[in-house]
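S.K.: The file below is target-v2.txt, compact mmCIF, C-alpha atoms:
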```
# COMPACT_ATOMS: atom_id res chain seq x y z
CA MET A 1 -75.46 -127.10 -133.64
CA ALA A 2 -76.57 -127.60 -130.05
CA PHE A 3 -76.99 -131.11 -128.66
CA PRO A 4 -80.07 -131.18 -126.40
CA ALA A 5 -80.34 -133.43 -123.37
CA ILE A 6 -82.40 -136.59 -123.78
CA PRO A 7 -85.28 -137.20 -121.32
CA SER A 8 -84.78 -140.60 -119.68
CA ARG A 9 -86.94 -142.39 -117.16
CA LEU A 10 -85.22 -143.82 -114.07
CA ARG A 11 -86.34 -145.88 -111.12
CA CYS A 12 -84.98 -144.84 -107.73
CA PRO A 13 -82.90 -147.68 -106.22
CA SER A 14 -83.84 -146.52 -102.71
CA CYS A 15 -87.62 -146.10 -102.80
CA GLY A 16 -88.58 -147.45 -106.24
CA ALA A 17 -90.18 -144.21 -107.44
CA SER A 18 -90.09 -143.57 -111.19
CA PHE A 19 -89.04 -140.15 -112.48
CA VAL A 20 -87.58 -138.45 -115.58
CA VAL A 21 -84.11 -136.90 -115.80
CA GLN A 22 -82.32 -135.05 -118.59
CA VAL A 23 -79.22 -136.93 -119.80
CA HIS A 24 -76.46 -135.22 -121.79
CA SER A 25 -74.38 -137.43 -124.10
CA ILE A 26 -72.56 -134.47 -125.71
CA ILE A 27 -71.47 -131.24 -124.07
CA ASP A 28 -70.29 -128.75 -126.69
CA VAL A 29 -69.42 -125.56 -124.84
CA GLY A 30 -68.69 -123.83 -128.14
CA GLN A 31 -72.40 -124.10 -128.95
CA GLU A 32 -73.70 -123.78 -125.37
CA PRO A 33 -71.09 -121.96 -123.20
CA GLU A 34 -73.31 -122.07 -120.12
CA LEU A 35 -72.92 -125.86 -119.96
CA LYS A 36 -69.26 -125.57 -118.91
CA GLU A 37 -70.01 -124.03 -115.52
CA GLN A 38 -73.01 -126.31 -115.02
CA PHE A 39 -70.86 -129.36 -115.71
CA LEU A 40 -68.00 -128.25 -113.46
CA ARG A 41 -70.51 -127.59 -110.67
CA GLY A 42 -71.79 -131.15 -111.01
CA GLU A 43 -75.26 -130.12 -112.22
CA ILE A 44 -75.25 -132.14 -115.45
CA ASN A 45 -76.17 -135.85 -115.57
CA ARG A 46 -77.08 -135.77 -111.91
CA ALA A 47 -80.29 -137.37 -110.64
CA ARG A 48 -82.24 -136.67 -107.47
CA CYS A 49 -85.34 -138.69 -106.55
CA PRO A 50 -88.27 -136.28 -105.95
CA GLU A 51 -89.77 -138.71 -103.44
CA CYS A 52 -86.94 -139.66 -101.08
CA GLY A 53 -84.13 -137.26 -102.07
CA ALA A 54 -81.63 -140.03 -102.89
CA GLY A 55 -79.44 -139.44 -105.90
CA GLY A 56 -76.04 -138.95 -107.43
CA MET A 57 -74.19 -138.83 -110.74
CA LEU A 58 -75.59 -140.90 -113.60
CA SER A 59 -73.44 -143.50 -115.31
CA ALA A 60 -73.67 -142.34 -118.90
CA PRO A 61 -71.16 -142.10 -121.78
CA LEU A 62 -70.15 -138.52 -122.48
CA VAL A 63 -68.15 -136.54 -125.04
CA TYR A 64 -67.00 -133.05 -124.02
CA HIS A 65 -66.01 -130.53 -126.72
CA ASP A 66 -64.44 -127.10 -126.17
CA PRO A 67 -63.33 -125.68 -129.56
CA ALA A 68 -61.70 -122.63 -127.95
CA ARG A 69 -59.34 -124.94 -126.03
CA GLU A 70 -59.18 -127.48 -128.89
CA LEU A 71 -60.34 -130.11 -126.40
CA LEU A 72 -62.34 -133.17 -127.45
CA VAL A 73 -62.50 -135.87 -124.78
CA SER A 74 -64.62 -138.96 -124.18
CA TYR A 75 -65.61 -140.67 -120.95
CA VAL A 76 -67.31 -144.06 -120.66
CA PRO A 77 -68.02 -145.10 -117.05
CA ALA A 78 -66.38 -148.40 -116.18
CA GLU A 79 -69.47 -149.49 -114.24
CA LEU A 80 -71.39 -149.78 -117.53
CA GLY A 81 -69.32 -152.88 -118.28
CA LEU A 82 -69.03 -152.16 -122.01
CA SER A 83 -66.57 -154.18 -124.06
CA ALA A 84 -63.74 -152.41 -125.89
CA GLU A 85 -65.65 -152.78 -129.15
CA GLU A 86 -68.85 -151.37 -127.61
CA GLN A 87 -66.95 -148.45 -126.10
CA GLU A 88 -65.29 -147.68 -129.45
CA ARG A 89 -68.63 -147.82 -131.25
CA THR A 90 -70.35 -145.60 -128.66
CA VAL A 91 -67.59 -143.00 -128.56
CA GLY A 92 -67.22 -143.08 -132.35
CA SER A 93 -70.90 -142.24 -132.87
CA LEU A 94 -70.75 -139.35 -130.38
CA VAL A 95 -67.54 -137.91 -131.85
CA ASN A 96 -69.08 -138.29 -135.31
CA ALA A 97 -72.09 -136.27 -134.16
CA VAL A 98 -69.83 -133.50 -132.85
CA MET A 99 -67.94 -133.35 -136.15
CA ASN A 100 -71.17 -133.29 -138.13
CA GLY A 101 -72.33 -130.36 -136.03
CA THR A 102 -69.11 -128.40 -136.58
CA PRO A 103 -68.59 -126.40 -139.80
CA ALA A 104 -65.90 -127.94 -141.98
CA GLU A 105 -63.70 -124.85 -141.84
CA GLN A 106 -63.64 -125.05 -138.03
CA ARG A 107 -62.49 -128.67 -137.83
CA LYS A 108 -58.86 -128.95 -136.77
CA GLY A 109 -56.38 -131.71 -136.17
CA TYR A 110 -57.54 -132.46 -132.64
CA PHE A 111 -60.80 -133.89 -134.05
CA PHE A 112 -58.83 -136.84 -135.36
CA GLN A 113 -57.25 -137.67 -132.00
CA PRO A 114 -59.85 -137.24 -129.23
CA LYS A 115 -58.61 -137.75 -125.70
CA THR A 116 -59.98 -140.46 -123.42
CA VAL A 117 -60.34 -140.46 -119.63
CA LEU A 118 -61.15 -143.42 -117.42
CA THR A 119 -62.80 -141.59 -114.52
CA TYR A 120 -65.22 -138.71 -114.01
CA ASN A 121 -62.66 -136.89 -111.87
CA GLY A 122 -60.13 -137.36 -114.65
CA LEU A 123 -62.51 -135.58 -117.03
CA ILE A 124 -62.95 -132.67 -114.60
CA GLU A 125 -59.18 -132.36 -114.15
CA LEU A 126 -58.53 -132.41 -117.91
CA ILE A 127 -61.06 -129.61 -118.44
CA LEU A 128 -59.58 -127.53 -115.63
CA GLU A 129 -56.05 -128.06 -116.93
CA ALA A 130 -57.21 -126.81 -120.33
CA GLU A 131 -58.64 -123.76 -118.55
CA GLY A 132 -55.16 -122.99 -117.24
CA TYR A 133 -55.39 -124.43 -113.73
CA SER A 134 -52.05 -125.86 -112.62
CA LYS A 135 -51.59 -129.42 -111.40
CA GLU A 136 -50.69 -127.95 -108.00
CA LEU A 137 -54.04 -126.18 -107.79
CA LEU A 138 -55.91 -129.33 -108.82
CA ALA A 139 -54.08 -131.26 -106.11
CA GLN A 140 -55.09 -128.52 -103.66
CA GLN A 141 -58.72 -128.86 -104.69
CA ARG A 142 -58.62 -132.62 -104.12
CA GLN A 143 -57.31 -131.95 -100.61
CA TRP A 144 -60.17 -129.50 -100.07
CA PHE A 145 -62.73 -132.08 -101.17
CA THR A 146 -61.25 -134.57 -98.71
CA LEU A 147 -61.35 -131.96 -95.94
CA ILE A 148 -64.98 -131.11 -96.70
CA ASN A 149 -65.96 -134.77 -96.47
CA ASP A 150 -64.11 -135.13 -93.15
CA LEU A 151 -65.81 -132.01 -91.78
CA LEU A 152 -69.24 -133.28 -92.87
CA GLU A 153 -68.67 -136.55 -91.02
CA ALA A 154 -67.71 -134.63 -87.87
CA LEU A 155 -70.54 -132.10 -88.14
CA GLU A 156 -72.47 -133.52 -85.18
CA ASP A 157 -69.38 -134.06 -83.00
CA GLU A 158 -68.35 -130.65 -81.61
CA ASP A 159 -64.97 -131.78 -80.29
CA ALA A 160 -63.97 -133.62 -83.45
CA PHE A 161 -65.18 -130.74 -85.61
CA ALA A 162 -63.26 -128.13 -83.60
CA LYS A 163 -60.11 -130.26 -83.77
CA LEU A 164 -60.36 -130.57 -87.56
CA VAL A 165 -60.82 -126.81 -87.93
CA GLU A 166 -57.71 -126.08 -85.84
CA GLU A 167 -55.61 -128.68 -87.67
CA HIS A 168 -56.58 -127.29 -91.09
CA ARG A 169 -57.04 -123.60 -90.33
CA ASP A 170 -54.39 -122.65 -92.90
CA SER A 171 -56.35 -124.51 -95.57
CA LEU A 172 -59.56 -122.56 -94.92
CA THR A 173 -58.68 -119.84 -97.41
CA TYR A 174 -60.89 -117.59 -99.47
CA GLU A 175 -60.48 -119.99 -102.42
CA PHE A 176 -61.60 -122.88 -100.19
CA TYR A 177 -64.80 -121.01 -99.30
CA LEU A 178 -65.42 -120.18 -102.96
CA MET A 179 -65.33 -123.85 -103.84
CA LEU A 180 -67.51 -124.74 -100.85
CA SER A 181 -70.05 -122.09 -101.90
CA GLU A 182 -70.21 -123.56 -105.41
CA LEU A 183 -70.89 -126.98 -103.89
CA VAL A 184 -73.57 -125.46 -101.65
CA ASP A 185 -75.34 -123.93 -104.67
CA ALA A 186 -75.08 -127.10 -106.73
CA GLU A 187 -76.43 -129.26 -103.88
CA GLY A 188 -79.21 -126.79 -103.15
CA GLN A 189 -80.53 -127.01 -106.69
CA GLN A 190 -80.82 -130.79 -106.37
CA LEU A 191 -82.60 -130.86 -103.00
CA ALA A 192 -86.35 -130.87 -102.58
CA GLU A 193 -87.84 -127.55 -101.45
CA GLY A 194 -87.42 -127.08 -97.71
CA ALA A 195 -84.86 -129.89 -97.35
CA GLU A 196 -81.78 -129.15 -95.23
CA ASN A 197 -78.53 -128.66 -97.12
CA PRO A 198 -75.69 -130.19 -95.04
CA LEU A 199 -73.08 -128.25 -97.00
CA GLU A 200 -74.81 -124.97 -96.16
CA THR A 201 -74.85 -125.98 -92.49
CA LEU A 202 -71.15 -126.78 -92.72
CA ARG A 203 -70.33 -123.40 -94.29
CA ALA A 204 -72.21 -121.49 -91.60
CA LYS A 205 -70.50 -123.47 -88.84
CA LEU A 206 -67.06 -122.92 -90.37
CA LEU A 207 -67.60 -119.18 -90.77
CA GLU A 208 -68.27 -118.93 -87.04
CA ARG A 209 -64.81 -120.35 -86.34
CA ALA A 210 -62.59 -119.36 -89.28
CA ALA A 211 -63.67 -116.45 -91.47
CA PRO A 212 -61.33 -116.09 -94.49
CA ALA A 213 -59.41 -112.96 -95.41
CA MET A 214 -60.71 -111.40 -98.62
CA PRO A 215 -58.17 -111.42 -101.45
CA PRO A 216 -57.28 -108.30 -103.40
CA SER A 217 -59.01 -107.85 -106.73
CA ALA A 218 -58.44 -105.71 -109.78
CA PRO A 219 -61.35 -103.65 -111.10
CA GLY A 220 -61.92 -103.76 -114.83
CA ALA A 221 -60.53 -100.25 -115.24
CA ALA A 222 -57.43 -100.87 -113.09
CA ASN A 223 -54.33 -99.14 -114.40
CA ASP A 224 -50.88 -100.71 -114.62
CA ASP A 225 -49.84 -99.52 -111.15
CA GLU A 226 -52.95 -101.04 -109.60
CA LEU A 227 -52.26 -104.34 -111.34
CA ILE A 228 -48.69 -104.28 -110.03
CA ASP A 229 -49.93 -103.66 -106.48
CA LEU A 230 -52.43 -106.49 -106.86
CA LEU A 231 -49.78 -109.00 -107.96
CA LEU A 232 -47.38 -107.85 -105.24
CA GLY A 233 -50.02 -108.50 -102.60
CA ILE A 234 -50.75 -112.14 -103.47
CA GLU A 235 -48.58 -114.51 -101.44
CA ASP A 236 -50.19 -117.86 -102.24
CA GLU A 237 -48.45 -119.36 -105.31
CA ALA A 238 -51.56 -121.04 -106.73
CA ALA A 239 -53.64 -117.88 -106.34
CA TRP A 240 -50.85 -115.82 -107.94
CA GLU A 241 -50.61 -118.09 -110.99
CA ARG A 242 -54.38 -118.10 -111.37
CA THR A 243 -54.53 -114.30 -111.18
CA VAL A 244 -51.72 -113.94 -113.72
CA GLY A 245 -53.60 -116.28 -116.05
CA GLN A 246 -56.70 -114.09 -115.79
CA LEU A 247 -54.72 -110.88 -116.33
CA LEU A 248 -52.46 -112.22 -119.08
CA PRO A 249 -54.05 -110.17 -121.93
CA ARG A 250 -53.35 -106.99 -119.91
CA LEU A 251 -49.70 -107.79 -119.21
CA ASP A 252 -48.50 -106.10 -122.40
CA TYR A 253 -45.51 -103.91 -123.24
CA GLY A 254 -47.07 -100.92 -121.47
CA PHE A 255 -47.49 -102.93 -118.27
CA PHE A 256 -43.85 -104.07 -118.23
CA GLN A 257 -42.73 -100.53 -119.02
CA ALA A 258 -44.67 -99.26 -115.97
CA LEU A 259 -43.22 -102.07 -113.83
CA THR A 260 -39.67 -101.22 -114.94
CA GLU A 261 -40.21 -97.51 -114.22
CA ARG A 262 -41.40 -98.29 -110.69
CA LEU A 263 -38.44 -100.58 -110.14
CA GLU A 264 -36.00 -97.92 -111.32
CA ALA A 265 -37.72 -95.29 -109.16
CA ALA A 266 -37.44 -97.53 -106.10
CA GLU A 267 -33.77 -98.17 -106.80
CA GLY A 268 -33.17 -94.43 -107.30
CA SER A 269 -34.78 -93.59 -103.95
CA ASP A 270 -32.76 -96.27 -102.12
CA ASP A 271 -35.96 -98.14 -101.20
CA ALA A 272 -34.27 -101.53 -101.15
CA GLY A 273 -37.35 -103.42 -99.97
CA ALA A 274 -39.65 -102.10 -102.71
CA ALA A 275 -36.94 -102.56 -105.35
CA ALA A 276 -36.42 -106.19 -104.33
CA SER A 277 -40.18 -106.92 -104.39
CA LEU A 278 -40.64 -105.29 -107.80
CA GLY A 279 -37.57 -107.04 -109.18
CA ARG A 280 -38.86 -110.43 -108.01
CA LEU A 281 -42.29 -109.73 -109.52
CA ARG A 282 -40.84 -108.78 -112.91
CA GLN A 283 -38.63 -111.86 -112.94
CA ARG A 284 -41.50 -114.18 -111.97
CA LEU A 285 -43.65 -112.79 -114.77
CA LEU A 286 -40.87 -113.00 -117.33
CA ASP A 287 -40.07 -116.56 -116.25
CA LEU A 288 -43.72 -117.56 -116.65
CA LEU A 289 -44.00 -116.03 -120.12
CA ASP A 290 -40.66 -117.55 -121.12
CA ARG A 291 -41.82 -121.01 -120.01
CA GLN A 292 -44.91 -120.74 -122.18
CA SER A 293 -42.94 -119.53 -125.20
CA GLN A 294 -40.26 -122.15 -124.63
CA GLN A 295 -42.81 -124.94 -124.47
CA LEU A 296 -44.26 -123.88 -127.82
CA ARG A 297 -40.80 -123.51 -129.40
CA GLU A 298 -39.75 -126.92 -128.13
CA ALA A 299 -42.91 -128.51 -129.48
CA GLU A 300 -42.35 -126.88 -132.89
CA ASP A 301 -38.67 -127.90 -132.89
CA GLU A 302 -39.61 -131.50 -132.11
CA ALA A 303 -42.21 -131.44 -134.87
CA SER A 304 -39.66 -130.04 -137.36
CA LEU A 305 -37.15 -132.77 -136.51
CA LEU A 306 -39.84 -135.43 -136.84
CA ILE A 307 -40.86 -134.05 -140.25
CA MET A 308 -37.24 -134.10 -141.46
CA GLU A 309 -36.90 -137.71 -140.31
CA MET A 310 -40.15 -138.77 -141.98
CA LEU A 311 -39.23 -137.05 -145.25
CA GLU A 312 -36.24 -139.38 -145.53
CA ALA A 313 -38.40 -142.49 -145.26
CA GLU A 314 -38.99 -144.53 -148.38
CA GLU A 315 -42.62 -145.19 -147.48
CA MET A 316 -44.49 -142.12 -146.24
CA GLN A 317 -47.49 -144.12 -145.09
CA ALA A 318 -45.35 -146.49 -143.04
CA ALA A 319 -43.48 -143.56 -141.49
CA ALA A 320 -46.71 -141.82 -140.57
CA GLN A 321 -48.10 -145.03 -139.07
CA GLU A 322 -44.93 -145.54 -137.04
CA HIS A 323 -45.22 -142.06 -135.54
CA ALA A 324 -49.02 -141.99 -135.22
CA ASP A 325 -48.90 -140.98 -131.54
CA GLU A 326 -46.77 -137.92 -132.40
CA LEU A 327 -49.07 -136.51 -135.09
CA ASP A 328 -50.57 -133.77 -132.97
CA GLU A 329 -51.85 -130.27 -133.76
CA VAL A 330 -48.35 -128.73 -133.62
CA PHE A 331 -47.06 -131.34 -136.09
CA PHE A 332 -49.75 -130.48 -138.65
CA LEU A 333 -49.27 -126.75 -138.07
CA VAL A 334 -45.52 -126.93 -138.74
CA LEU A 335 -45.93 -129.32 -141.67
CA SER A 336 -48.53 -127.09 -143.35
CA ARG A 337 -46.31 -124.06 -142.79
CA LEU A 338 -43.31 -125.79 -144.40
CA GLN A 339 -45.35 -127.00 -147.36
CA GLN A 340 -46.76 -123.52 -148.05
CA ALA A 341 -43.28 -121.97 -147.76
CA ALA A 342 -41.84 -124.47 -150.26
CA ALA A 343 -44.66 -123.77 -152.69
CA GLN A 344 -44.18 -119.99 -152.39
CA ARG A 345 -40.45 -120.40 -153.15
CA ASN A 346 -41.36 -122.50 -156.23
CA ASN A 347 -39.50 -125.47 -154.79
CA ALA A 348 -41.86 -127.91 -156.48
CA ARG A 349 -40.05 -131.11 -155.50
CA ARG A 350 -39.95 -130.26 -151.79
CA ALA A 351 -43.52 -128.93 -151.80
CA GLU A 352 -44.72 -132.16 -153.43
CA ARG A 353 -42.83 -134.28 -150.91
CA LEU A 354 -44.24 -132.31 -147.98
CA MET A 355 -47.76 -132.58 -149.40
CA ALA A 356 -47.33 -136.35 -149.71
CA LEU A 357 -46.34 -136.48 -146.05
CA LEU A 358 -49.31 -134.29 -145.12
CA ASP A 359 -51.69 -136.60 -146.95
CA ALA A 360 -50.15 -139.68 -145.31
CA ALA A 361 -50.36 -138.13 -141.84
CA ARG A 362 -53.98 -137.13 -142.40
CA GLU A 363 -54.82 -140.65 -143.53
CA VAL A 364 -53.26 -142.14 -140.40
CA ARG A 365 -55.22 -139.74 -138.22
CA GLU A 366 -58.40 -140.55 -140.12
CA GLN A 367 -57.96 -144.25 -139.37
CA GLN A 368 -59.15 -143.47 -135.87
CA LEU A 369 -62.49 -142.22 -137.22
CA PRO A 370 -65.59 -144.37 -137.77
CA PRO A 371 -65.44 -146.09 -141.19
CA GLU A 372 -68.24 -144.00 -142.76
CA LEU A 373 -66.67 -140.71 -141.75
CA ARG A 374 -63.26 -141.94 -142.87
CA LEU A 375 -64.63 -142.73 -146.34
CA VAL A 376 -66.38 -139.36 -146.66
CA SER A 377 -63.21 -137.54 -145.63
CA ARG A 378 -61.27 -139.47 -148.26
CA LEU A 379 -63.84 -138.73 -150.96
CA LEU A 380 -63.85 -135.01 -150.23
CA ARG A 381 -60.19 -134.75 -151.15
CA SER A 382 -60.17 -137.38 -153.94
CA GLU A 383 -59.72 -136.57 -157.60
CA PHE A 384 -62.57 -137.62 -159.87
CA PRO A 385 -62.95 -140.21 -161.29
CA GLU A 386 -59.97 -142.51 -160.62
CA GLU A 387 -59.24 -141.79 -156.94
CA SER A 388 -62.87 -141.51 -155.92
CA ASN A 389 -63.74 -144.72 -157.78
CA ARG A 390 -60.93 -146.56 -156.03
CA ALA A 391 -62.14 -145.32 -152.63
CA LEU A 392 -65.70 -146.45 -153.38
CA GLU A 393 -64.63 -149.84 -154.69
CA GLU A 394 -62.55 -150.47 -151.57
CA ASN A 395 -65.54 -149.61 -149.35
CA ARG A 396 -68.51 -151.11 -151.24
CA GLY A 397 -70.01 -152.39 -147.99
CA LEU A 398 -70.45 -148.83 -146.71
CA LEU A 399 -72.41 -147.54 -149.69
CA ASN A 400 -75.96 -146.89 -148.50
CA ASP A 401 -78.40 -144.02 -147.99
CA GLU A 402 -76.82 -143.09 -144.64
CA LEU A 403 -73.40 -142.71 -146.25
CA LEU A 404 -74.88 -140.55 -149.02
CA ALA A 405 -76.66 -138.34 -146.47
CA LEU A 406 -73.41 -137.97 -144.50
CA TYR A 407 -71.57 -136.98 -147.68
CA ASP A 408 -74.26 -134.42 -148.52
CA ARG A 409 -74.02 -132.83 -145.05
CA TYR A 410 -70.29 -132.34 -145.40
CA VAL A 411 -70.52 -131.03 -148.94
CA GLU A 412 -73.23 -128.56 -147.91
CA GLN A 413 -70.85 -127.10 -145.32
CA ILE A 414 -68.02 -126.44 -147.76
CA VAL A 415 -69.57 -125.65 -151.15
CA GLU A 416 -70.33 -122.01 -150.38
CA ALA A 417 -66.65 -121.20 -149.88
CA ALA A 418 -65.48 -123.53 -152.67
CA GLY A 419 -64.72 -122.59 -156.23
CA GLU A 420 -66.67 -123.75 -159.27
CA ALA A 421 -64.19 -126.53 -160.04
CA VAL A 422 -64.45 -127.96 -156.52
CA ARG A 423 -68.26 -127.84 -156.57
CA GLU A 424 -68.33 -129.63 -159.89
CA ARG A 425 -65.93 -132.33 -158.64
CA LEU A 426 -67.98 -132.94 -155.50
CA GLN A 427 -71.19 -133.21 -157.55
CA GLN A 428 -69.53 -135.71 -159.91
CA ILE A 429 -68.40 -137.81 -156.94
CA ARG A 430 -71.94 -137.75 -155.57
CA GLU A 431 -73.29 -139.03 -158.89
CA GLN A 432 -70.59 -141.70 -158.77
CA ILE A 433 -71.76 -142.79 -155.31
CA VAL A 434 -75.38 -142.99 -156.48
CA ALA A 435 -74.36 -145.03 -159.54
CA LYS A 436 -72.40 -147.47 -157.39
CA MET A 437 -75.36 -147.85 -155.00
CA THR A 438 -77.71 -148.51 -157.92
CA VAL A 439 -75.47 -151.27 -159.22
CA LEU A 440 -75.18 -152.87 -155.81
CA ARG A 441 -78.97 -152.89 -155.35
CA ALA A 442 -79.65 -154.39 -158.79
```
Before we go any further, please render this structure as structure tokens.

M.R.:
Amino acid sequence: MAFPAIPSRLRCPSCGASFVVQVHSIIDVGQEPELKEQFLRGEINRARCPECGAGGMLSAPLVYHDPARELLVSYVPAELGLSAEEQERTVGSLVNAVMNGTPAEQRKGYFFQPKTVLTYNGLIELILEAEGYSKELLAQQRQWFTLINDLLEALEDEDAFAKLVEEHRDSLTYEFYLMLSELVDAEGQQLAEGAENPLETLRAKLLERAAPAMPPSAPGAANDDELIDLLLGIEDEAAWERTVGQLLPRLDYGFFQALTERLEAAEGSDDAGAAASLGRLRQRLLDLLDRQSQQLREAEDEASLLIMEMLEAEEMQAAAQEHADELDEVFFLVLSRLQQAAAQRNNARRAERLMALLDAAREVREQQLPPELRLVSRLLRSEFPEESNRALEENRGLLNDELLALYDRYVEQIVEAAGEAVRERLQQIREQIVAKMTVLRA
């Protein structure tokens, strides 16, 4: 389900003109992929007065969701001055809306532990990190932004501008110009027709003094040898890591076989220089892949140790609460895997114990949800009538038409794939909710 922008009327603080802007409270790039690039270019929640041209980013709460990266993050601008309770209520309603718009079978553990950032730049960095950009590259981009601001301030001072260009000539790379061009396009879309774009003026002036060297690129049909040549030709570490990230699906067994054959051929022909370069490339690639695999193995090992420790606890719920910050996606993945394996081996006692831990961990994660959504989640997995009745009795204050509608939306998303017994149980629980509501209204 897409989440459309909301038209909002603003008054320009500079000239007092009134105008309408589109405000996004939820950006779900799984539903609307084009919003990712728009957001990263600074085109979303940005206002520009049509009368005087003044403008900037709007101070509005925002939840960003990227299901492909399993990223759910909230941002509430500090300048809004919301209390902790108001922030929690605002973010809770937005996260609830995202969950309601996501099919039940697509909801994963990260929904129960959304990330929070304190600044707009922090949100941008978190998204870029999820896209595979290294911290080093993000630091480089921050330096570029600082340089661009310095160059803009010196735009009318020829001597100061020329000095800045000479001092930072090594920073004026192809990647720098790419980022500058994106800023030029974003700024141009916000300016009134015919208005001068200072960033475009800056780009033209820079190109007169420091034109960048074009980087090598791999065509879509590039063979393994062409990919090897491409990677050998990239000297900048950040650019190399970014290129490897883009080419990762193509760096398969066949690629490494071709790389090894070229290395052996170079060694056989006594081409020491080529052999050394190819050897370094293969080692760099293997090291990078090993780091990724090692990180996953370490995370799974840590989760396994944590599960073993929690299984020894007398109180599962207390153990889960104690380790709430460690109940991440990897934890639930490993725990589910262990529980299924125990069940397949007919180890009923261990399977039951692991399932009890899984339920306790889920309940702890659900405590971070809004109360209504927490109750619905509990009802969906409750046995009828004892467990569901207990859940309803403990939450009598939440029983209203909104809660029933929320329950119906969730049930609608799962009944098609559910068996007859599950559908019957969910219908019985619904009738139980209605009966409780009738009693309360009497």

S.K.: Could you check how far CA of Leu373 (chain A) sits from CA of Asp408 (chain A), in Å to one decimal?

M.R.: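 Computed distance, CA of Leu373 (chain A) to CA of Asp408 (chain A), equals 12.0 Å.
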
S.K.: Which polymer residues have any atom within 12 Å of an atom of Arg396 (chain A), counting all atoms listed in the file, with same-chain residues fewer than 4 positions away left out, as a list in words?

M.R.: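 Within the cut-off, the hits are Pro371, Glu372, Leu375, Asn389, Arg390, Ala391, Leu392, Asn400, Leu403, Ile433, Val434, Ala435, Lys436, Met437, Thr438, Val439, Leu440 and Arg441 of chain A.
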
S.K.: I'd like the interatomic distance between CA of Ala154 (chain A) and CA of His168 (chain A), to a tenth of an Å.

M.R.: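 Atom-to-atom, CA of Ala154 (chain A) and CA of His168 (chain A) are spaced 13.7 Å apart.
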
S.K.: Of the candidates A:Arg11, A:Arg250, A:Arg169, A:Arg107, which one gets nearest to Ala210 (chain A) if we count only C-alpha atoms?

M.R.: A:Arg169

S.K.: Could you check the closest approach to Glu300 (chain A) for each of A:Arg430, A:Arg337, A:Arg374, A:Arg284 and tell me which residue wins, using all atoms listed in the file?

M.R.: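 Going through A:Arg430, A:Arg337, A:Arg374, A:Arg284 one by one, the smallest distance to Glu300 (chain A) is for A:Arg337.
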
S.K.: Quick one: distance from CA of Arg350 (chain A) to CA of Arg365 (chain A) in Å, one decimal?

M.R.: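 Rounded to one decimal, the two atoms are 22.5 Å apart.
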
S.K.: Using all atoms listed in the file, which protein or nucleic acid residues come within 10 Å of Thr201 (chain A)? Drop anything in the same chain fewer than 3 positions from it, and give the result as a list of chain:residue names.

M.R.: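 That gives A:Leu152, A:Leu155, A:Val184, A:Glu196, A:Asn197, A:Pro198, A:Ala204, A:Lys205, A:Leu206.
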
S.K.: Using all atoms listed in the file for the distances, tell me which of A:Gln140, A:Val330, A:Glu393, A:Ile307 is nearest to Asp236 (chain A).

M.R.: A:Gln140

S.K.: So that I can check the surroundings of Leu285 (chain A), please list as a list of chain:residue names every protein, DNA and RNA residue that reaches within 10 Å of it, counting only C-alpha atoms and ignoring chain neighbours fewer than 2 positions away.

M.R.: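 The neighbour list is A:Leu231, A:Glu241, A:Val244, A:Leu248, A:Leu251, A:Phe256, A:Arg280, A:Leu281, A:Arg282, A:Gln283, A:Asp287, A:Leu288, A:Leu289, A:Asp290, A:Arg291.
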
S.K.: Around the point (-60.4, -126.2, -124.2), in the coordinates given by the file, pick out the residues reaching within 10 Å, counting only C-alpha atoms, and return them as a PDB file with C-alpha atoms, keeping the file's coordinate frame.

M.R.:
```pdb
ATOM      1  CA  VAL A  29     -69.420-125.560-124.840  1.00  0.00           C
ATOM      2  CA  GLY A  30     -68.690-123.830-128.140  1.00  0.00           C
ATOM      3  CA  TYR A  64     -67.000-133.050-124.020  1.00  0.00           C
ATOM      4  CA  HIS A  65     -66.010-130.530-126.720  1.00  0.00           C
ATOM      5  CA  ASP A  66     -64.440-127.100-126.170  1.00  0.00           C
ATOM      6  CA  PRO A  67     -63.330-125.680-129.560  1.00  0.00           C
ATOM      7  CA  ALA A  68     -61.700-122.630-127.950  1.00  0.00           C
ATOM      8  CA  ARG A  69     -59.340-124.940-126.030  1.00  0.00           C
ATOM      9  CA  GLU A  70     -59.180-127.480-128.890  1.00  0.00           C
ATOM     10  CA  LEU A  71     -60.340-130.110-126.400  1.00  0.00           C
ATOM     11  CA  LEU A  72     -62.340-133.170-127.450  1.00  0.00           C
ATOM     12  CA  VAL A  73     -62.500-135.870-124.780  1.00  0.00           C
ATOM     13  CA  LEU A 126     -58.530-132.410-117.910  1.00  0.00           C
ATOM     14  CA  ILE A 127     -61.060-129.610-118.440  1.00  0.00           C
ATOM     15  CA  LEU A 128     -59.580-127.530-115.630  1.00  0.00           C
ATOM     16  CA  GLU A 129     -56.050-128.060-116.930  1.00  0.00           C
ATOM     17  CA  ALA A 130     -57.210-126.810-120.330  1.00  0.00           C
ATOM     18  CA  GLU A 131     -58.640-123.760-118.550  1.00  0.00           C
ATOM     19  CA  GLY A 132     -55.160-122.990-117.240  1.00  0.00           C
TER      20      GLY A 132
END
```
